[in-house]
file target.csv (CSV, C-alpha atoms and all ligand atoms)
chain,number,residue,atom,x,y,z
A,23,MET,CA,105.3,120.6,109.3
A,24,SER,CA,104.0,117.0,109.9
A,25,SER,CA,106.2,114.1,109.1
A,26,GLU,CA,103.4,111.6,109.4
A,27,ARG,CA,103.9,108.7,107.0
A,28,THR,CA,101.7,106.1,105.4
A,29,PHE,CA,102.3,102.9,103.5
A,30,ILE,CA,100.5,102.6,100.2
A,31,MET,CA,100.7,99.5,98.0
A,32,ILE,CA,99.2,99.0,94.6
A,33,LYS,CA,97.9,95.4,94.5
A,34,PRO,CA,98.5,92.9,91.5
A,35,ASP,CA,95.2,93.9,89.9
A,36,GLY,CA,96.1,97.6,90.0
A,37,VAL,CA,99.4,96.7,88.3
A,38,GLN,CA,97.7,94.5,85.7
A,39,ARG,CA,95.0,97.1,85.0
A,40,THR,CA,97.7,99.7,84.4
A,41,LEU,CA,96.6,101.9,87.2
A,42,VAL,CA,100.1,102.5,88.7
A,43,GLY,CA,100.7,105.9,87.1
A,44,ASP,CA,97.3,107.2,87.9
A,45,ILE,CA,97.5,106.1,91.6
A,46,ILE,CA,100.9,107.6,92.0
A,47,GLN,CA,99.8,110.8,90.4
A,48,ARG,CA,96.8,111.2,92.8
A,49,PHE,CA,99.2,111.1,95.8
A,50,GLU,CA,101.7,113.3,94.1
A,51,LYS,CA,99.1,115.9,93.1
A,52,LYS,CA,97.5,115.9,96.6
A,53,GLY,CA,100.8,117.2,97.9
A,54,LEU,CA,102.2,114.3,99.9
A,55,LYS,CA,105.9,113.6,99.6
A,56,LEU,CA,107.1,110.3,98.1
A,57,THR,CA,109.9,108.9,100.3
A,58,ALA,CA,110.1,105.3,99.1
A,59,LEU,CA,109.0,103.3,96.1
A,60,LYS,CA,109.6,99.8,94.7
A,61,MET,CA,108.0,97.2,92.6
A,62,PHE,CA,108.1,93.9,94.4
A,63,GLN,CA,106.9,90.3,94.1
A,64,ALA,CA,106.1,89.4,97.7
A,65,SER,CA,106.4,86.0,99.2
A,66,MET,CA,103.4,84.4,100.9
A,67,ASP,CA,105.3,84.6,104.2
A,68,LEU,CA,105.7,88.4,103.9
A,69,LEU,CA,102.0,88.8,103.0
A,70,ARG,CA,100.9,86.6,105.9
A,71,GLN,CA,102.9,89.0,108.2
A,72,HIS,CA,101.4,92.0,106.5
A,73,TYR,CA,97.8,90.7,106.9
A,74,ASN,CA,98.5,89.0,110.3
A,75,ASP,CA,95.5,90.6,112.0
A,76,LEU,CA,93.2,89.0,109.4
A,77,SER,CA,94.6,85.4,109.7
A,78,SER,CA,91.4,84.0,111.3
A,79,LYS,CA,89.1,85.4,108.5
A,80,SER,CA,87.5,83.1,106.0
A,81,PHE,CA,88.9,85.1,103.1
A,82,PHE,CA,92.5,85.1,104.4
A,83,GLU,CA,94.0,82.4,102.1
A,84,ASP,CA,92.2,83.8,99.0
A,85,LEU,CA,93.7,87.2,100.0
A,86,ILE,CA,97.2,85.8,100.3
A,87,ASN,CA,96.9,84.1,96.9
A,88,TYR,CA,95.6,87.2,95.3
A,89,MET,CA,98.3,89.4,96.8
A,90,SER,CA,101.1,87.0,95.7
A,91,SER,CA,99.7,86.6,92.2
A,92,GLY,CA,101.8,89.3,90.7
A,93,PRO,CA,104.1,92.2,91.5
A,94,LEU,CA,103.1,95.0,93.9
A,95,VAL,CA,104.1,98.6,93.9
A,96,CYS,CA,105.0,99.6,97.4
A,97,MET,CA,105.3,103.3,98.5
A,98,VAL,CA,105.8,105.5,101.5
A,99,TRP,CA,104.0,108.9,101.4
A,100,GLU,CA,104.6,111.6,103.9
A,101,GLY,CA,102.8,114.8,105.0
A,102,LEU,CA,100.1,116.3,107.1
A,103,ASN,CA,97.5,113.6,108.2
A,104,ALA,CA,99.1,111.2,105.7
A,105,VAL,CA,97.4,108.1,107.1
A,106,LYS,CA,93.8,109.4,107.2
A,107,THR,CA,94.3,111.3,103.9
A,108,GLY,CA,95.5,108.0,102.3
A,109,ARG,CA,92.4,106.2,103.6
A,110,GLN,CA,90.1,108.9,102.3
A,111,MET,CA,91.8,108.8,98.9
A,112,LEU,CA,91.3,105.0,98.8
A,113,GLY,CA,87.6,104.9,99.7
A,114,GLU,CA,86.0,102.0,101.7
A,115,THR,CA,87.3,98.4,101.7
A,116,ASP,CA,84.3,97.4,99.6
A,117,PRO,CA,84.4,99.3,96.3
A,118,PHE,CA,80.6,99.3,96.2
A,119,ASN,CA,80.6,101.6,99.3
A,120,SER,CA,83.3,103.8,97.9
A,121,LEU,CA,82.4,107.2,96.5
A,122,PRO,CA,83.3,108.2,92.9
A,123,GLY,CA,86.5,110.3,93.2
A,124,THR,CA,88.2,107.7,95.4
A,125,ILE,CA,90.6,105.1,94.0
A,126,ARG,CA,88.4,102.2,94.9
A,127,GLY,CA,85.2,104.1,93.9
A,128,ASP,CA,86.6,104.9,90.5
A,129,TYR,CA,88.5,101.7,89.5
A,130,CYS,CA,87.0,98.6,90.9
A,131,LEU,CA,83.9,96.6,91.7
A,132,HIS,CA,84.7,93.7,94.0
A,133,ILE,CA,86.0,93.7,97.6
A,134,GLY,CA,88.4,90.9,96.7
A,135,ARG,CA,90.0,93.0,93.9
A,136,ASN,CA,90.2,96.5,95.3
A,137,VAL,CA,93.5,97.6,93.6
A,138,CYS,CA,95.3,99.4,96.4
A,139,HIS,CA,96.2,99.1,100.1
A,140,GLY,CA,96.7,101.9,102.6
A,141,SER,CA,97.6,101.8,106.3
A,142,ASP,CA,94.7,102.3,108.7
A,143,SER,CA,96.6,104.0,111.6
A,144,ILE,CA,99.9,105.7,112.4
A,145,ASP,CA,101.0,102.6,114.4
A,146,SER,CA,100.3,100.2,111.6
A,147,ALA,CA,101.8,102.5,109.0
A,148,GLU,CA,105.1,102.5,110.9
A,149,LYS,CA,105.0,98.7,111.2
A,150,GLU,CA,104.2,98.2,107.6
A,151,ILE,CA,106.9,100.7,106.4
A,152,TYR,CA,109.6,98.7,108.2
A,153,LEU,CA,108.1,95.3,107.1
A,154,TRP,CA,108.3,96.3,103.4
A,155,PHE,CA,111.3,98.6,103.3
A,156,LYS,CA,114.8,98.6,104.7
A,157,LYS,CA,115.8,101.7,106.4
A,158,ASP,CA,118.2,102.7,103.7
A,159,GLU,CA,115.5,102.5,101.1
A,160,LEU,CA,113.7,105.5,102.6
A,161,CYS,CA,114.8,108.8,101.1
A,162,LEU,CA,115.2,111.9,103.2
A,163,TRP,CA,114.6,114.9,101.1
A,164,SER,CA,112.9,118.4,101.3
A,165,LYS,CA,110.2,119.4,98.9
A,166,THR,CA,111.0,122.8,97.5
A,167,THR,CA,107.2,123.4,97.2
A,168,ALA,CA,106.6,122.9,100.9
A,169,GLN,CA,105.9,126.6,101.5
A,170,TRP,CA,103.0,126.3,98.9
A,171,LEU,CA,101.5,123.3,100.7
A,172,TYR,CA,101.9,124.4,104.3
A,173,GLU,CA,101.1,127.7,106.0
B,201,LIG,N1,89.0,91.5,102.0
B,201,LIG,C1,88.3,90.6,101.3
B,201,LIG,N2,87.0,90.3,101.8
B,201,LIG,C2,86.5,90.9,102.9
B,201,LIG,C3,87.3,91.8,103.5
B,201,LIG,C4,88.5,92.1,103.1
B,201,LIG,O1,88.7,90.0,100.3
B,201,LIG,O2,85.3,90.6,103.2
B,201,LIG,C5,90.4,91.9,101.5
B,201,LIG,C6,90.4,93.2,100.7
B,201,LIG,O3,91.3,93.0,99.6
B,201,LIG,C7,90.9,94.1,101.7
B,201,LIG,C8,91.9,93.3,102.5
B,201,LIG,O4,91.3,92.0,102.5
B,201,LIG,O5,91.5,95.3,101.1
B,201,LIG,C9,92.3,93.7,103.8
B,201,LIG,O6,91.1,93.9,104.6
B,201,LIG,P1,90.9,95.2,105.5
B,201,LIG,O7,89.7,94.9,106.4
B,201,LIG,O8,92.2,95.5,106.2
B,201,LIG,O9,90.5,96.3,104.5
B,201,LIG,P2,91.4,97.6,104.0
B,201,LIG,O10,92.2,98.1,105.1
B,201,LIG,O11,92.2,97.1,102.8
B,201,LIG,O12,90.4,98.6,103.5
B,202,MG,MG,93.5,97.1,106.4

call {"tool": "encode", "arguments": {"input": "target.csv", "output": "structure tokens"}}
result
Amino acid sequence: MSSERTFIMIKPDGVQRTLVGDIIQRFEKKGLKLTALKMFQASMDLLRQHYNDLSSKSFFEDLINYMSSGPLVCMVWEGLNAVKTGRQMLGETDPFNSLPGTIRGDYCLHIGRNVCHGSDSIDSAEKEIYLWFKKDELCLWSKTTAQWLYE
């Protein structure tokens, strides 16, 4: 069974718009395993590290202000192809290009308020997980339904 992990984070607009339960439920129902979860008001420093690769973009400061404007819900989800599955479930960066049925396709309109983050590669997932969580905040547990999710 795969132990691939991805970092999923509900953004301040997702929290304000009461989408937390729905987004968690989508990942839970998909069959991925929740191994870490916390609500967190991030500092600008932490957000600058998280979005380090975008620091030269014109929207960078607006992005940091948006992401620090309220609490975030940070999660680690684990399972087969977790990273790509998470990205498929999110949709495209711009909600306008996101199909109905995806989180961004269903719940938002503007690229600057796209409700949820998901890691874009296995490497960045591992970096993001350890940027946002301490090792002892990750739970090791076995899903008793694993035999119904994996052949
Ligand atoms: N973003 C933005 N304007 C843009 C591109 C991105 O405001 O033109 C924001 C948006 O919130 C996006 C985040 O910056 O989710 C990170 O951008 P990235 O390209 O990594 O997109 P993602 O991986 O979130 O789909
Ligand atoms: Mg990204």

call {"tool": "residues_near_ligand", "arguments": {"input": "target.csv", "ligand": "ligand LIG 201 (chain B)", "cutoff": "6 Å", "atoms": "only C-alpha atoms and all ligand atoms", "output": "list in words"}}
result
Phe81, Leu85, Glu114, Thr115, Ile133, Gly134, Arg135, Asn136 and His139 of chain A

call {"tool": "residues_around", "arguments": {"input": "target.csv", "residues": "Ser120 (chain A)", "least_positions_apart": "6", "cutoff": "10 Å", "atoms": "only C-alpha atoms", "output": "number ranges by chain"}}
result
A: 110-114, 126-128, 130-131

call {"tool": "atom_distance", "arguments": {"input": "target.csv", "atom1": "CA of Glu150 (chain A)", "atom2": "CA of Gln169 (chain A)"}}
result
29.1 Å

call {"tool": "residues_near_ligand", "arguments": {"input": "target.csv", "ligand": "ligand MG 202 (chain B)", "cutoff": "9 Å", "atoms": "all atoms listed in the file", "output": "PyMOL selection string"}}
result
chain A and resi 73+75-76+115+139-142

call {"tool": "residues_near_point", "arguments": {"input": "target.csv", "point": "(96.5, 100.7, 89.0)", "cutoff": "9 Å", "atoms": "all atoms listed in the file", "output": "JSON, numbers by chain"}}
result
{"A": [32, 33, 34, 35, 36, 37, 38, 39, 40, 41, 42, 43, 44, 45, 46, 125, 129, 137, 138]}

call {"tool": "closest_residue", "arguments": {"input": "target.csv", "among": "A:Arg70, A:Leu102, A:Arg109, A:Met31", "to": "Leu171 (chain A)", "atoms": "only C-alpha atoms"}}
result
A:Leu102

call {"tool": "closest_residue", "arguments": {"input": "target.csv", "among": "A:Ala64, A:Leu121, A:Ala147, A:Leu59", "to": "Met97 (chain A)", "atoms": "all atoms listed in the file"}}
result
A:Leu59

call {"tool": "closest_residue", "arguments": {"input": "target.csv", "among": "A:Glu100, A:Pro93, A:Trp163, A:Ser143", "to": "Glu50 (chain A)", "atoms": "only C-alpha atoms"}}
result
A:Glu100

call {"tool": "residues_near_point", "arguments": {"input": "target.csv", "point": "(105.4, 96.6, 101.6)", "cutoff": "8 Å", "atoms": "all atoms listed in the file", "output": "MDAnalysis selection string"}}
result
chainID A and resid 29:31 72 96:97 150:151 153:155

call {"tool": "write_last_selection", "arguments": {"input": "target.csv", "atoms": "C-alpha atoms", "output": "short mmCIF file (atom, residue, chain, number, x, y, z; two decimals), keeping the file's coordinate frame"}}
result
data_model
loop_
_atom_site.label_atom_id
_atom_site.label_comp_id
_atom_site.auth_asym_id
_atom_site.auth_seq_id
_atom_site.Cartn_x
_atom_site.Cartn_y
_atom_site.Cartn_z
CA PHE A 29 102.30 102.90 103.50
CA ILE A 30 100.50 102.60 100.20
CA MET A 31 100.70 99.50 98.00
CA HIS A 72 101.40 92.00 106.50
CA CYS A 96 105.00 99.60 97.40
CA MET A 97 105.30 103.30 98.50
CA GLU A 150 104.20 98.20 107.60
CA ILE A 151 106.90 100.70 106.40
CA LEU A 153 108.10 95.30 107.10
CA TRP A 154 108.30 96.30 103.40
CA PHE A 155 111.30 98.60 103.30
#

call {"tool": "atom_distance", "arguments": {"input": "target.csv", "atom1": "CA of Lys52 (chain A)", "atom2": "CA of Val105 (chain A)"}}
result
13.1 Å

call {"tool": "closest_residue", "arguments": {"input": "target.csv", "among": "A:Lys156, A:Ala58, A:His132, A:Trp99", "to": "Phe118 (chain A)", "atoms": "all atoms listed in the file"}}
result
A:His132

call {"tool": "atom_distance", "arguments": {"input": "target.csv", "atom1": "CA of Lys55 (chain A)", "atom2": "CA of Lys157 (chain A)"}}
result
16.9 Å

call {"tool": "closest_residue", "arguments": {"input": "target.csv", "among": "A:Asn87, A:Thr57, A:Asn74, A:Gln63", "to": "Cys161 (chain A)", "atoms": "all atoms listed in the file"}}
result
A:Thr57

call {"tool": "build_atoms", "arguments": {"input": "target.csv", "residues": "region 29-40 of chain A", "atoms": "all heavy atoms", "output": "compact mmCIF listing (two decimals), in the coordinates of the input"}}
result
# COMPACT_ATOMS: atom_id res chain seq x y z
N PHE A 29 101.86 103.87 104.48
CA PHE A 29 102.30 102.90 103.50
C PHE A 29 101.18 102.58 102.54
O PHE A 29 100.08 102.18 102.93
CB PHE A 29 102.69 101.58 104.28
CG PHE A 29 103.08 100.45 103.38
CD1 PHE A 29 104.28 100.49 102.67
CD2 PHE A 29 102.26 99.34 103.23
CE1 PHE A 29 104.64 99.46 101.81
CE2 PHE A 29 102.62 98.30 102.39
CZ PHE A 29 103.81 98.36 101.68
N ILE A 30 101.44 102.84 101.28
CA ILE A 30 100.50 102.60 100.20
C ILE A 30 101.01 101.56 99.27
O ILE A 30 102.19 101.62 98.90
CB ILE A 30 100.20 103.95 99.43
CG1 ILE A 30 99.68 105.06 100.36
CG2 ILE A 30 99.27 103.72 98.24
CD1 ILE A 30 98.29 104.85 100.93
N MET A 31 100.17 100.60 98.89
CA MET A 31 100.70 99.50 98.00
C MET A 31 99.64 99.20 96.96
O MET A 31 98.48 98.88 97.25
CB MET A 31 100.90 98.29 98.93
CG MET A 31 101.33 97.05 98.21
SD MET A 31 102.05 95.84 99.35
CE MET A 31 100.66 95.49 100.42
N ILE A 32 100.08 99.33 95.71
CA ILE A 32 99.20 99.00 94.60
C ILE A 32 99.25 97.45 94.45
O ILE A 32 100.32 96.84 94.42
CB ILE A 32 99.67 99.68 93.29
CG1 ILE A 32 99.72 101.21 93.52
CG2 ILE A 32 98.72 99.34 92.13
CD1 ILE A 32 100.31 102.00 92.37
N LYS A 33 98.07 96.85 94.44
CA LYS A 33 97.90 95.40 94.50
C LYS A 33 98.11 94.83 93.03
O LYS A 33 98.10 95.60 92.05
CB LYS A 33 96.58 95.03 95.05
CG LYS A 33 96.40 95.54 96.50
CD LYS A 33 95.06 95.10 97.08
CE LYS A 33 94.88 95.59 98.52
NZ LYS A 33 93.65 95.04 99.14
N PRO A 34 98.25 93.49 92.89
CA PRO A 34 98.50 92.90 91.50
C PRO A 34 97.45 93.32 90.50
O PRO A 34 97.80 93.49 89.33
CB PRO A 34 98.47 91.41 91.82
CG PRO A 34 98.95 91.29 93.22
CD PRO A 34 98.35 92.46 93.95
N ASP A 35 96.19 93.46 90.91
CA ASP A 35 95.20 93.90 89.90
C ASP A 35 95.38 95.32 89.48
O ASP A 35 95.19 95.66 88.31
CB ASP A 35 93.74 93.68 90.48
CG ASP A 35 93.54 94.25 91.86
OD1 ASP A 35 94.53 94.39 92.61
OD2 ASP A 35 92.39 94.57 92.22
N GLY A 36 95.85 96.17 90.38
CA GLY A 36 96.10 97.60 90.00
C GLY A 36 97.29 97.64 89.02
O GLY A 36 97.26 98.44 88.08
N VAL A 37 98.29 96.75 89.19
CA VAL A 37 99.40 96.70 88.30
C VAL A 37 98.93 96.20 86.90
O VAL A 37 99.16 96.83 85.86
CB VAL A 37 100.56 95.83 88.81
CG1 VAL A 37 101.66 95.65 87.77
CG2 VAL A 37 101.12 96.41 90.10
N GLN A 38 98.22 95.07 86.91
CA GLN A 38 97.70 94.50 85.70
C GLN A 38 96.80 95.41 84.90
O GLN A 38 96.81 95.45 83.67
CB GLN A 38 96.99 93.15 85.93
CG GLN A 38 97.88 92.01 86.37
CD GLN A 38 98.74 91.46 85.24
OE1 GLN A 38 98.56 91.81 84.08
NE2 GLN A 38 99.69 90.61 85.60
N ARG A 39 96.04 96.19 85.63
CA ARG A 39 95.00 97.10 85.00
C ARG A 39 95.62 98.44 84.68
O ARG A 39 94.89 99.39 84.40
CB ARG A 39 93.79 97.11 85.88
CG ARG A 39 93.13 95.70 85.96
CD ARG A 39 91.82 95.73 86.69
NE ARG A 39 91.00 96.78 86.15
CZ ARG A 39 90.29 97.65 86.90
NH1 ARG A 39 90.28 97.54 88.21
NH2 ARG A 39 89.60 98.59 86.33
N THR A 40 96.94 98.54 84.74
CA THR A 40 97.70 99.70 84.40
C THR A 40 97.25 101.00 85.10
O THR A 40 97.12 102.08 84.53
CB THR A 40 97.70 99.98 82.82
OG1 THR A 40 96.38 100.26 82.37
CG2 THR A 40 98.26 98.80 82.06
